[in-house]
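> This is the structure, below, for whatever I ask next.
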Amino acid sequence: MPSRSPSHAETVGERLEEHLRRIYPTEAQRRAAYDGLGALLEARRPGALGEPHRSTYAVPDQATVVISAYPDHVRAAEGTAPLRTLGDFLTRHCAGLASHVHLLPFHTATSDDGFAVADYDGVDPALGDWADLRRLGPFGLVVDAVVNHVSASHPWARALRAGEAAGERIATARPGADLSAVVRPRTSPLLLDVETARGTRQVWCTFSHDQWDLDYGNPDTLVAMTGVLANYVDRGAAVLRLDAVGFLWKEEGSPSIHLAQTHEVIRLWRTVLDAVAPDVLLLTETNVPYADNVSYLGRDQAQLAYHFSLPPVMLDGYQRGDASHLVGLLGQAAGLPDGCSLLTFLASHDGIGLRGAEGILGAEEVADLVTRTEGHGALVSYRAGRDGPVPYELNTTYFDALVGADTADPDDEDLRRFVGAHAAMLALPGVPAIYLSSFFGGRNWTDGPAATGQNRSINRGRLDPAAVDAALDDPGSTPSRVLAALGDLLRARRTTDAFRPDAPCEPLPAPAEVLAVERRSPSTDTRVLCLHNMSGRRVELTPELVAESAPGSRLLAGGVAEPDPRALGPYEYRWVARHA
């Protein structure tokens with residue numbers, strides 16, 4: 001590896017050397033990793049190792065919106081690749097509303113709807129091919145990089161059983177290892193006994209026994225997985241979503257989450273991208289309390305992180321009709337590193353995680369949230385805690401979490417509650433992400449968990465394109481009304497850079513039921529007052545808020561046709577633009 005010279009700017013190679021010194025304790029490990037990573041870089045950009053390192057960042061704007069979807073989220077006709085069907089569907093219904101599509105895992109996999117990857121090299125033939133990914137309409141591609149684990153059927157897992165060297169890329173524990181401090185996101189046993197040609201090995205399984213964790217303490221693993229990320233970039237990825245990245249590094253006697261080596265691996269990946277694909281962004285997926293979550297953001301780490309605190313806190317606020325916790329969360333979210341943003345969302349393929357609510361909602365409030373949402377038809381997934389199972393995730397669509405699964409025919413107020421929650425999310429700083437089913441008011445797939453054995457399947461029902469098209473032909477249907485309302489909000493956001501992810505946002509004094517924020521344009525004197533009544537009651541506005549939305553202001557978006565300037569009706573929202 002190169003020796004550092006203080007007389008010139010730090011090169012890419014010197015920066016890699018610095019990362020590796022912090023990750024690996026021995027020179028042999030560092031040399032193996034450096035040689036492998038250097039070959040990856042030089043193959044894509046000859047001379048890259050000797051070039052000065054430059055950290056770059058393309059700031060998303062107010063038009064940056066992500067749709068999250070499975071490759072087969074839309075049912076395809078026989079003989080048609082699901083990815084091609086998805087691309088046609090997104091182009092037909094979502095073009096002009098979103099800029100990117102987050103494509104959930106598309107490789108051949110054995111379980112967990114793609115998150116147990118059996119082969120990183122190709123697209124699952126049952127879904128399509130690489131060309132179909134490139135034809136996903138006018139959308140940038142967010143690739144789901146499953147970097148923590150592989151399927152028990154992956155070649156590395158087979159190599160472990162056979163006693164081959166490649167099997168050492170799988171994380172195993174030594175007999176009698178002290179793993180009592182390990183943080184668990186599941187209640188299943190952490191270790192799995194596997195018979196191999198070299199005897200019984202205890203395989204580390206953070207999530208399930210079909211998902212074998214990778215050992216990044218082996219430099220070959222780091223090089224191989226960096227190659228996987230580089231291949232995604234070669235295939236056109238604009239954003240790399242690092243799935244479950246907080247669990248990356250395993251260490252006996254530690255929590256094995258958020259370890260220093262994990263952060264350094266992310267910094268290394270950022271250095272690699274800065275050298276060969278500086279416009280590609282890193283997005284970390286860490287379903288943990290807020291402070292731990294944002295610790296992955298930085299000029300030398302990831303540019304984006306999921307805002308895992310927002311979905312449960314927003315749901316609690318709309319269920320109780322109280323904006324106070326959301327206002328408190330907004331205060332916490334201030335002061336992110338320059339050039340970094342949160343990915344704001346409500347619904348995801350997993351449901352509504354509860355770890356992000358820690359430190360914001362009290363224990364009794366979380367328990368009440370679980371009870372209320374179970375009453376709306378949700379299932380609850382648990383994780384292992386020190387004193388027994390702890391609620392980890394609410395498995396439900398966001399629509400049913402707010403409206404109730406037994407509400408077969410939602411009324412105007414139900415729809416305003418669901419759309420209003422999204423209006424509040426879209427008004428806050430960050431890059432918005434919307435789960436594809438939410439655009440159409442997706443309901444719980446109640447038969448899913450019994451069919452798959454997974455609670456999460458309740459929120460993973462697929463869309464029938466013919467049924468969606470028929471519903472959209474009826475302007476009074478729930479899918480038609482939800483898509484129209486969300487479309488109006490998304491188009492309104494695009495009209496002013498006051499909604500840019502990093503544009504100033506100030507919470508304003510308001511009644512307890514109302515979330516009131518002011519977004520300010522960084523380039524003009526435009527200010528947007530965003531008012532959201534989170535309750536089912538009519539709420540009188542304060543004189544100051546009435547004055548802020550006085551005549552002369554321009555209504556950008558609103559939940560009712562003829563708003564009362566002095567009050568907000570049940571679940572009404574209103575965005576008003578004015579000049580300072």
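Every chain in the structure tokens takes a letter, A first, then B, and so on in the order presented; its residues are numbered from 1, and the ligands are numbered from 1 following the presented order.
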As a ChimeraX atom specification, please: all residues of stretch 399-486 of chain A that backbone DSSP puts in alpha helix (DSSP H).

/A:399-403,412-427,448-452,465-472,478-486

> Output the selection as a PDB file, in the first residue's frame - C-alpha atoms for each residue.


ATOM      1  CA  PHE A 399     -54.296   3.041   5.330  1.00  0.00           C
ATOM      2  CA  ASP A 400     -55.716   0.366   7.634  1.00  0.00           C
ATOM      3  CA  ALA A 401     -53.560   1.562  10.532  1.00  0.00           C
ATOM      4  CA  LEU A 402     -55.320   4.936  10.272  1.00  0.00           C
ATOM      5  CA  VAL A 403     -58.764   3.951   9.053  1.00  0.00           C
ATOM      6  CA  ASP A 412     -64.563  11.453   3.140  1.00  0.00           C
ATOM      7  CA  GLU A 413     -63.134  11.803   6.634  1.00  0.00           C
ATOM      8  CA  ASP A 414     -61.278   8.480   6.377  1.00  0.00           C
ATOM      9  CA  LEU A 415     -59.666   9.564   3.132  1.00  0.00           C
ATOM     10  CA  ARG A 416     -58.734  12.987   4.535  1.00  0.00           C
ATOM     11  CA  ARG A 417     -57.052  11.274   7.495  1.00  0.00           C
ATOM     12  CA  PHE A 418     -54.919   9.076   5.224  1.00  0.00           C
ATOM     13  CA  VAL A 419     -54.069  11.799   2.716  1.00  0.00           C
ATOM     14  CA  GLY A 420     -53.587  14.326   5.524  1.00  0.00           C
ATOM     15  CA  ALA A 421     -50.901  12.177   7.113  1.00  0.00           C
ATOM     16  CA  HIS A 422     -49.089  12.090   3.771  1.00  0.00           C
ATOM     17  CA  ALA A 423     -49.505  15.855   3.384  1.00  0.00           C
ATOM     18  CA  ALA A 424     -47.824  16.324   6.765  1.00  0.00           C
ATOM     19  CA  MET A 425     -45.008  13.986   5.735  1.00  0.00           C
ATOM     20  CA  LEU A 426     -44.555  15.791   2.412  1.00  0.00           C
ATOM     21  CA  ALA A 427     -44.385  19.165   4.167  1.00  0.00           C
ATOM     22  CA  GLY A 448     -51.056 -13.198   3.180  1.00  0.00           C
ATOM     23  CA  PRO A 449     -49.580 -14.144   6.586  1.00  0.00           C
ATOM     24  CA  ALA A 450     -51.310 -17.541   6.584  1.00  0.00           C
ATOM     25  CA  ALA A 451     -50.137 -18.189   3.021  1.00  0.00           C
ATOM     26  CA  THR A 452     -46.490 -17.299   3.660  1.00  0.00           C
ATOM     27  CA  PRO A 465     -53.421  -3.670 -13.026  1.00  0.00           C
ATOM     28  CA  ALA A 466     -56.859  -4.299 -14.540  1.00  0.00           C
ATOM     29  CA  ALA A 467     -58.548  -3.737 -11.167  1.00  0.00           C
ATOM     30  CA  VAL A 468     -56.490  -0.585 -10.559  1.00  0.00           C
ATOM     31  CA  ASP A 469     -57.342   0.801 -14.006  1.00  0.00           C
ATOM     32  CA  ALA A 470     -61.033   0.063 -13.471  1.00  0.00           C
ATOM     33  CA  ALA A 471     -60.976   1.804 -10.088  1.00  0.00           C
ATOM     34  CA  LEU A 472     -59.208   4.823 -11.535  1.00  0.00           C
ATOM     35  CA  THR A 478     -60.840   5.181  -3.048  1.00  0.00           C
ATOM     36  CA  PRO A 479     -57.866   4.465  -5.362  1.00  0.00           C
ATOM     37  CA  SER A 480     -58.899   7.274  -7.710  1.00  0.00           C
ATOM     38  CA  ARG A 481     -59.371   9.813  -4.939  1.00  0.00           C
ATOM     39  CA  VAL A 482     -56.152   8.891  -3.131  1.00  0.00           C
ATOM     40  CA  LEU A 483     -54.026   8.993  -6.290  1.00  0.00           C
ATOM     41  CA  ALA A 484     -55.539  12.344  -7.286  1.00  0.00           C
ATOM     42  CA  ALA A 485     -54.935  13.866  -3.846  1.00  0.00           C
ATOM     43  CA  LEU A 486     -51.360  12.596  -3.520  1.00  0.00           C
TER      44      LEU A 486
END

> Can you tell me which residues surround A:Ala302 at a distance of at most 8 Å, considering only C-alpha atoms, apart from same-chain residues fewer than 4 positions away, and format the answer as an MDAnalysis selection string?

chainID A and resid 266:267 270 281:284 296:298 340

> With distances taken over only C-alpha atoms, which residue among A:Ile360, A:Ile257, A:Ser111, A:Val514 lies nearest A:Ser457?

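Result for the nearest residue to A:Ser457: A:Ser111.
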
> Let's see if you can do this: from backbone DSSP, list all strand (DSSP E or B) residues in stretch 267-441 of chain A, as a CSV table (one decimal) with all heavy atoms, in the first residue's frame.


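Listing of part.csv after writing:
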chain,number,residue,atom,x,y,z
A,281,LEU,N,-25.6,8.0,-4.8
A,281,LEU,CA,-25.8,8.3,-3.4
A,281,LEU,C,-25.9,7.0,-2.6
A,281,LEU,O,-26.4,5.9,-3.1
A,281,LEU,CB,-27.1,9.1,-3.1
A,281,LEU,CG,-27.3,10.4,-4.0
A,281,LEU,CD1,-28.6,11.1,-3.6
A,281,LEU,CD2,-26.1,11.3,-3.8
A,282,LEU,N,-25.5,7.0,-1.3
A,282,LEU,CA,-25.7,6.0,-0.3
A,282,LEU,C,-26.9,6.3,0.6
A,282,LEU,O,-27.0,7.4,1.1
A,282,LEU,CB,-24.4,5.7,0.5
A,282,LEU,CG,-23.2,5.1,-0.2
A,282,LEU,CD1,-22.1,5.0,0.8
A,282,LEU,CD2,-23.6,3.7,-0.7
A,283,LEU,N,-27.7,5.3,0.8
A,283,LEU,CA,-28.9,5.4,1.6
A,283,LEU,C,-28.8,4.2,2.7
A,283,LEU,O,-28.8,3.1,2.3
A,283,LEU,CB,-30.2,5.3,0.8
A,283,LEU,CG,-31.5,5.0,1.5
A,283,LEU,CD1,-31.9,6.1,2.5
A,283,LEU,CD2,-32.6,4.7,0.5
A,284,THR,N,-28.8,4.6,3.9
A,284,THR,CA,-28.7,3.5,5.0
A,284,THR,C,-30.1,3.2,5.5
A,284,THR,O,-30.9,4.1,5.7
A,284,THR,CB,-27.8,4.0,6.1
A,284,THR,OG1,-28.2,5.2,6.6
A,284,THR,CG2,-26.3,4.0,5.7
A,297,LEU,N,-25.1,9.3,8.8
A,297,LEU,CA,-25.1,10.4,7.8
A,297,LEU,C,-23.8,11.2,8.0
A,297,LEU,O,-23.3,11.4,9.1
A,297,LEU,CB,-26.2,11.4,8.0
A,297,LEU,CG,-27.6,10.8,7.7
A,297,LEU,CD1,-28.7,11.8,8.1
A,297,LEU,CD2,-27.7,10.5,6.2
A,302,ALA,N,-23.0,8.2,4.5
A,302,ALA,CA,-24.1,8.2,3.6
A,302,ALA,C,-24.7,9.6,3.5
A,302,ALA,O,-24.7,10.4,4.5
A,302,ALA,CB,-25.2,7.2,4.2
A,304,LEU,N,-28.0,9.9,2.7
A,304,LEU,CA,-29.4,9.7,3.0
A,304,LEU,C,-29.6,8.6,4.0
A,304,LEU,O,-28.9,7.6,4.0
A,304,LEU,CB,-30.2,9.3,1.7
A,304,LEU,CG,-30.3,10.3,0.6
A,304,LEU,CD1,-30.9,9.6,-0.6
A,304,LEU,CD2,-31.2,11.5,1.0
A,305,ALA,N,-30.6,8.7,4.9
A,305,ALA,CA,-30.9,7.7,5.9
A,305,ALA,C,-32.4,7.7,6.1
A,305,ALA,O,-33.1,8.8,6.0
A,305,ALA,CB,-30.2,8.0,7.2
A,306,TYR,N,-33.0,6.6,6.2
A,306,TYR,CA,-34.5,6.5,6.4
A,306,TYR,C,-34.8,7.2,7.7
A,306,TYR,O,-34.1,7.0,8.8
A,306,TYR,CB,-34.9,5.0,6.6
A,306,TYR,CG,-35.1,4.3,5.2
A,306,TYR,CD1,-34.1,3.8,4.5
A,306,TYR,CD2,-36.4,4.2,4.7
A,306,TYR,CE1,-34.3,3.2,3.3
A,306,TYR,CE2,-36.6,3.6,3.5
A,306,TYR,CZ,-35.6,3.0,2.8
A,306,TYR,OH,-35.8,2.4,1.6
A,341,SER,N,-29.6,14.3,4.0
A,341,SER,CA,-31.1,14.4,4.2
A,341,SER,C,-31.6,13.1,4.7
A,341,SER,O,-31.0,12.0,4.6
A,341,SER,CB,-31.8,14.7,2.8
A,341,SER,OG,-31.3,15.9,2.2
A,342,LEU,N,-32.8,13.2,5.3
A,342,LEU,CA,-33.5,12.0,5.7
A,342,LEU,C,-34.5,11.6,4.6
A,342,LEU,O,-35.0,12.5,3.9
A,342,LEU,CB,-34.3,12.3,7.0
A,342,LEU,CG,-33.5,12.5,8.3
A,342,LEU,CD1,-34.4,13.0,9.4
A,342,LEU,CD2,-32.8,11.2,8.7
A,343,LEU,N,-34.7,10.3,4.4
A,343,LEU,CA,-35.7,9.8,3.5
A,343,LEU,C,-37.0,9.7,4.4
A,343,LEU,O,-37.1,8.8,5.3
A,343,LEU,CB,-35.3,8.4,3.0
A,343,LEU,CG,-36.2,8.0,1.8
A,343,LEU,CD1,-35.7,8.6,0.5
A,343,LEU,CD2,-36.1,6.5,1.7
A,344,THR,N,-37.9,10.6,4.1
A,344,THR,CA,-39.2,10.6,4.9
A,344,THR,C,-40.2,9.7,4.3
A,344,THR,O,-40.4,9.6,3.0
A,344,THR,CB,-39.8,12.0,4.9
A,344,THR,OG1,-39.9,12.6,3.6
A,344,THR,CG2,-38.9,13.0,5.7
A,345,PHE,N,-40.9,8.9,5.1
A,345,PHE,CA,-41.8,7.9,4.6
A,345,PHE,C,-42.8,7.6,5.7
A,345,PHE,O,-42.6,7.8,6.9
A,345,PHE,CB,-41.1,6.6,4.1
A,345,PHE,CG,-40.5,5.8,5.2
A,345,PHE,CD1,-41.1,4.6,5.5
A,345,PHE,CD2,-39.4,6.2,5.9
A,345,PHE,CE1,-40.6,3.8,6.6
A,345,PHE,CE2,-38.9,5.5,6.9
A,345,PHE,CZ,-39.4,4.2,7.3
A,352,ILE,N,-44.6,-0.8,10.0
A,352,ILE,CA,-44.3,0.4,10.8
A,352,ILE,C,-43.4,0.0,11.9
A,352,ILE,O,-43.8,-0.6,12.9
A,352,ILE,CB,-45.6,1.0,11.3
A,352,ILE,CG1,-46.5,1.4,10.2
A,352,ILE,CG2,-45.3,2.3,12.1
A,352,ILE,CD1,-47.9,1.7,10.6
A,353,GLY,N,-42.1,0.3,11.8
A,353,GLY,CA,-41.2,-0.1,12.8
A,353,GLY,C,-41.4,0.8,14.1
A,353,GLY,O,-41.8,1.9,14.0
A,358,GLU,N,-38.6,5.1,20.1
A,358,GLU,CA,-37.9,5.2,21.4
A,358,GLU,C,-37.3,6.5,21.6
A,358,GLU,O,-36.6,7.1,20.8
A,358,GLU,CB,-36.8,4.1,21.4
A,358,GLU,CG,-37.4,2.7,21.3
A,358,GLU,CD,-36.3,1.6,21.3
A,358,GLU,OE1,-35.2,1.9,21.7
A,358,GLU,OE2,-36.6,0.5,20.8
A,361,LEU,N,-41.8,8.6,22.0
A,361,LEU,CA,-43.0,8.2,22.7
A,361,LEU,C,-42.5,7.4,23.9
A,361,LEU,O,-41.5,6.7,23.9
A,361,LEU,CB,-43.8,7.3,21.8
A,361,LEU,CG,-44.2,7.8,20.4
A,361,LEU,CD1,-45.1,6.8,19.7
A,361,LEU,CD2,-45.0,9.1,20.6
A,379,LEU,N,-51.0,-6.8,12.7
A,379,LEU,CA,-50.3,-7.9,13.4
A,379,LEU,C,-49.1,-7.2,14.0
A,379,LEU,O,-48.7,-6.1,13.6
A,379,LEU,CB,-49.9,-9.0,12.4
A,379,LEU,CG,-51.0,-9.7,11.7
A,379,LEU,CD1,-50.5,-10.7,10.7
A,379,LEU,CD2,-52.0,-10.3,12.7
A,380,VAL,N,-48.5,-7.9,15.0
A,380,VAL,CA,-47.3,-7.3,15.7
A,380,VAL,C,-46.2,-8.3,15.6
A,380,VAL,O,-46.4,-9.5,15.9
A,380,VAL,CB,-47.6,-7.0,17.2
A,380,VAL,CG1,-46.4,-6.4,17.8
A,380,VAL,CG2,-48.8,-6.1,17.2
A,381,SER,N,-45.0,-7.9,15.1
A,381,SER,CA,-43.8,-8.7,15.2
A,381,SER,C,-42.9,-8.3,16.4
A,381,SER,O,-42.9,-7.1,16.7
A,381,SER,CB,-43.0,-8.5,13.9
A,381,SER,OG,-43.8,-9.1,12.8
A,382,TYR,N,-42.2,-9.2,16.9
A,382,TYR,CA,-41.4,-8.9,18.1
A,382,TYR,C,-39.9,-9.2,17.9
A,382,TYR,O,-39.5,-9.9,17.0
A,382,TYR,CB,-41.9,-9.9,19.3
A,382,TYR,CG,-43.3,-9.6,19.7
A,382,TYR,CD1,-44.4,-10.1,19.0
A,382,TYR,CD2,-43.6,-8.7,20.8
A,382,TYR,CE1,-45.7,-9.8,19.4
A,382,TYR,CE2,-44.9,-8.4,21.2
A,382,TYR,CZ,-45.9,-9.0,20.5
A,382,TYR,OH,-47.2,-8.7,20.9
A,383,ARG,N,-39.2,-8.5,18.8
A,383,ARG,CA,-37.7,-8.8,18.8
A,383,ARG,C,-37.4,-9.3,20.2
A,383,ARG,O,-38.2,-9.1,21.2
A,383,ARG,CB,-36.9,-7.5,18.5
A,383,ARG,CG,-37.1,-6.4,19.5
A,383,ARG,CD,-36.3,-5.1,19.1
A,383,ARG,NE,-36.5,-4.0,20.1
A,383,ARG,CZ,-35.7,-3.8,21.1
A,383,ARG,NH1,-34.7,-4.7,21.4
A,383,ARG,NH2,-35.9,-2.8,21.9
A,384,ALA,N,-36.2,-9.8,20.4
A,384,ALA,CA,-35.8,-10.3,21.7
A,384,ALA,C,-35.3,-9.2,22.5
A,384,ALA,O,-34.3,-8.5,22.1
A,384,ALA,CB,-34.7,-11.4,21.5
A,385,GLY,N,-35.8,-9.0,23.7
A,385,GLY,CA,-35.3,-8.0,24.6
A,385,GLY,C,-34.7,-8.7,25.8
A,385,GLY,O,-34.8,-9.9,26.0
A,388,GLY,N,-37.5,-10.4,27.7
A,388,GLY,CA,-38.5,-11.1,26.9
A,388,GLY,C,-38.8,-10.4,25.6
A,388,GLY,O,-38.2,-9.4,25.3
A,389,PRO,N,-39.8,-11.0,24.9
A,389,PRO,CA,-40.1,-10.3,23.6
A,389,PRO,C,-40.6,-8.9,23.7
A,389,PRO,O,-41.4,-8.6,24.7
A,389,PRO,CB,-41.2,-11.3,23.0
A,389,PRO,CG,-41.0,-12.6,23.7
A,389,PRO,CD,-40.5,-12.2,25.1
A,390,VAL,N,-40.2,-8.1,22.8
A,390,VAL,CA,-40.6,-6.6,22.8
A,390,VAL,C,-41.2,-6.3,21.4
A,390,VAL,O,-40.7,-6.7,20.4
A,390,VAL,CB,-39.4,-5.7,23.0
A,390,VAL,CG1,-39.8,-4.3,23.0
A,390,VAL,CG2,-38.7,-6.1,24.4
A,391,PRO,N,-42.4,-5.6,21.4
A,391,PRO,CA,-42.9,-5.2,20.1
A,391,PRO,C,-41.9,-4.5,19.2
A,391,PRO,O,-41.3,-3.5,19.7
A,391,PRO,CB,-44.1,-4.3,20.4
A,391,PRO,CG,-44.5,-4.8,21.8
A,391,PRO,CD,-43.2,-5.1,22.5
A,392,TYR,N,-41.7,-4.9,18.0
A,392,TYR,CA,-40.7,-4.4,17.1
A,392,TYR,C,-41.3,-3.7,15.9
A,392,TYR,O,-40.7,-2.7,15.4
A,392,TYR,CB,-39.8,-5.6,16.6
A,392,TYR,CG,-38.7,-5.2,15.6
A,392,TYR,CD1,-37.6,-4.5,16.1
A,392,TYR,CD2,-38.8,-5.6,14.3
A,392,TYR,CE1,-36.6,-4.2,15.2
A,392,TYR,CE2,-37.8,-5.3,13.4
A,392,TYR,CZ,-36.7,-4.6,13.8
A,392,TYR,OH,-35.7,-4.2,12.9
A,393,GLU,N,-42.4,-4.2,15.5
A,393,GLU,CA,-43.0,-3.7,14.2
A,393,GLU,C,-44.5,-4.0,14.1
A,393,GLU,O,-44.9,-5.0,14.5
A,393,GLU,CB,-42.3,-4.4,13.1
A,393,GLU,CG,-42.5,-4.0,11.7
A,393,GLU,CD,-41.6,-4.8,10.8
A,393,GLU,OE1,-42.0,-6.0,10.5
A,393,GLU,OE2,-40.6,-4.3,10.3
A,394,LEU,N,-45.2,-3.0,13.6
A,394,LEU,CA,-46.6,-3.1,13.3
A,394,LEU,C,-46.8,-3.5,11.9
A,394,LEU,O,-46.4,-2.8,11.0
A,394,LEU,CB,-47.4,-1.8,13.6
A,394,LEU,CG,-47.3,-1.3,15.1
A,394,LEU,CD1,-47.9,0.1,15.2
A,394,LEU,CD2,-48.0,-2.3,16.0
A,395,ASN,N,-47.3,-4.7,11.6
A,395,ASN,CA,-47.5,-5.2,10.3
A,395,ASN,C,-48.9,-4.9,9.8
A,395,ASN,O,-49.9,-5.5,10.2
A,395,ASN,CB,-47.2,-6.7,10.2
A,395,ASN,CG,-45.8,-7.0,10.7
A,395,ASN,OD1,-45.6,-7.7,11.6
A,395,ASN,ND2,-44.8,-6.4,10.0
A,431,VAL,N,-36.3,13.8,1.7
A,431,VAL,CA,-36.7,13.3,0.4
A,431,VAL,C,-37.8,12.3,0.6
A,431,VAL,O,-37.6,11.3,1.3
A,431,VAL,CB,-35.5,12.5,-0.2
A,431,VAL,CG1,-35.9,11.9,-1.5
A,431,VAL,CG2,-34.3,13.5,-0.5
A,432,PRO,N,-39.0,12.6,0.1
A,432,PRO,CA,-40.2,11.7,0.4
A,432,PRO,C,-40.1,10.4,-0.4
A,432,PRO,O,-39.6,10.3,-1.5
A,432,PRO,CB,-41.3,12.5,-0.1
A,432,PRO,CG,-40.8,13.9,-0.4
A,432,PRO,CD,-39.4,13.7,-0.7
A,433,ALA,N,-40.5,9.3,0.3
A,433,ALA,CA,-40.6,8.0,-0.4
A,433,ALA,C,-42.0,7.5,-0.1
A,433,ALA,O,-42.5,7.5,1.1
A,433,ALA,CB,-39.6,7.0,0.2
A,434,ILE,N,-42.7,6.9,-1.1
A,434,ILE,CA,-44.1,6.4,-1.0
A,434,ILE,C,-44.1,5.0,-1.5
A,434,ILE,O,-43.7,4.7,-2.6
A,434,ILE,CB,-45.1,7.3,-1.7
A,434,ILE,CG1,-45.0,8.8,-1.2
A,434,ILE,CG2,-46.5,6.8,-1.6
A,434,ILE,CD1,-45.9,9.8,-1.9
A,435,TYR,N,-44.6,4.1,-0.7
A,435,TYR,CA,-44.8,2.7,-1.1
A,435,TYR,C,-45.9,2.7,-2.2
A,435,TYR,O,-46.9,3.3,-2.1
A,435,TYR,CB,-45.3,2.0,0.2
A,435,TYR,CG,-45.3,0.5,0.1
A,435,TYR,CD1,-44.2,-0.3,-0.5
A,435,TYR,CD2,-46.4,-0.3,0.6
A,435,TYR,CE1,-44.2,-1.6,-0.5
A,435,TYR,CE2,-46.4,-1.7,0.5
A,435,TYR,CZ,-45.3,-2.3,0.0
A,435,TYR,OH,-45.3,-3.7,-0.1

> As a list in words, please: the residues near stretch 200-211 of chain A (cut-off 6 Å, only C-alpha atoms, same-chain neighbours under 5 positions excluded).

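Non-adjacent residues within range: Ala116, His149, Val150, Ser151, Ala152, Ala171, Thr172, Ala173, Leu190, Leu191, Leu192, Asp193, Val194 and Glu195 of chain A.
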
> So how far away is atom CA of A:Pro105 from atom CA of A:Gln454, in Å?

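Taking atom CA of A:Gln454 and atom CA of A:Pro105, their separation equals 17.2 Å.
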
> Go through A:Gly339, A:Pro429, A:His376, A:Gly128 and flag the residue nearest A:His307, using only C-alpha atoms for the distances.

A:Pro429

> Rounded to one decimal place, report the atom CA of A:Asp215-atom CA of A:Arg169 distance in Å.

5.2 Å

> When you draw a straight line from atom CA of A:Val74 to atom CA of A:Ser99, how long is it in Å?

19.0 Å

> A:Gln62: which residues within 8 Å, counting only C-alpha atoms, same-chain residues fewer than 6 positions away excluded, as a list in words?

Val431, Arg493, Arg494, Thr496, Asp497, Ala498, Phe499, Arg500 and Pro501 of chain A

> Could you pull the residues within 6 Å of stretch 318-322 of chain A, counting only C-alpha atoms, minus those fewer than 5 positions along the same chain, as JSON, numbers by chain?

{"A": [512, 513, 534, 535]}

> Could you write out the selected residues, including all heavy atoms, as an mmCIF file, in the first residue's frame?


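Contents of again00.cif, freshly written:
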data_model
loop_
_atom_site.group_PDB
_atom_site.id
_atom_site.type_symbol
_atom_site.label_atom_id
_atom_site.label_comp_id
_atom_site.auth_asym_id
_atom_site.auth_seq_id
_atom_site.Cartn_x
_atom_site.Cartn_y
_atom_site.Cartn_z
ATOM 1 N N ALA A 512 -52.941 22.296 19.838
ATOM 2 C CA ALA A 512 -52.283 21.003 20.010
ATOM 3 C C ALA A 512 -52.608 20.034 18.890
ATOM 4 O O ALA A 512 -51.798 19.156 18.567
ATOM 5 C CB ALA A 512 -52.697 20.399 21.353
ATOM 6 N N GLU A 513 -53.783 20.187 18.274
ATOM 7 C CA GLU A 513 -54.191 19.252 17.222
ATOM 8 C C GLU A 513 -53.531 19.538 15.875
ATOM 9 O O GLU A 513 -53.627 18.719 14.950
ATOM 10 C CB GLU A 513 -55.718 19.311 17.013
ATOM 11 C CG GLU A 513 -56.535 18.982 18.235
ATOM 12 C CD GLU A 513 -56.874 20.231 19.056
ATOM 13 O OE1 GLU A 513 -56.179 21.263 18.901
ATOM 14 O OE2 GLU A 513 -57.843 20.161 19.838
ATOM 15 N N MET A 534 -54.580 17.217 12.713
ATOM 16 C CA MET A 534 -54.397 15.786 12.917
ATOM 17 C C MET A 534 -55.544 15.149 13.690
ATOM 18 O O MET A 534 -55.476 13.961 14.026
ATOM 19 C CB MET A 534 -53.064 15.548 13.633
ATOM 20 C CG MET A 534 -51.874 16.060 12.822
ATOM 21 S SD MET A 534 -50.274 15.971 13.684
ATOM 22 C CE MET A 534 -50.052 14.215 13.851
ATOM 23 N N SER A 535 -56.586 15.903 13.924
ATOM 24 C CA SER A 535 -57.714 15.400 14.709
ATOM 25 C C SER A 535 -58.986 15.334 13.864
ATOM 26 O O SER A 535 -59.061 15.905 12.782
ATOM 27 C CB SER A 535 -57.966 16.309 15.917
ATOM 28 O OG SER A 535 -58.646 17.494 15.514
#

> Just want the 12 Å neighbourhood of A:Glu544, counted on only C-alpha atoms, with same-chain residues fewer than 2 positions away dropped. Output as a list in words.

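Counting only C-alpha atoms, the residues come to Leu508, Pro509, Ala510, Pro511, Ala516, Leu529, Glu540, Leu541, Thr542, Val546, Ala547, Glu548, Ser549, Ala550, Pro565 and Arg566 of chain A.
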
> Under the rule that only C-alpha atoms are counted, which of A:Asp112, A:Pro570, A:Ile67, A:Ser477 is the nearest residue to A:Gly453?

A:Asp112

> Just checking: using only C-alpha atoms, which residue out of A:Ala357, A:Gly163, A:Ala181, A:Leu103 ends up closest to A:Ala197?

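Answer, going by the shortest atom-to-atom distance: A:Gly163.
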
> Just checking: using only C-alpha atoms, which residue out of A:Arg84, A:Thr221, A:Ser254, A:Val272 ends up closest to A:Ala48?

A:Val272

> Calculated over only C-alpha atoms, which of the candidates A:Val183, A:Ala230, A:Leu463, A:Leu490 has the smallest distance to A:Thr85?

A:Leu463
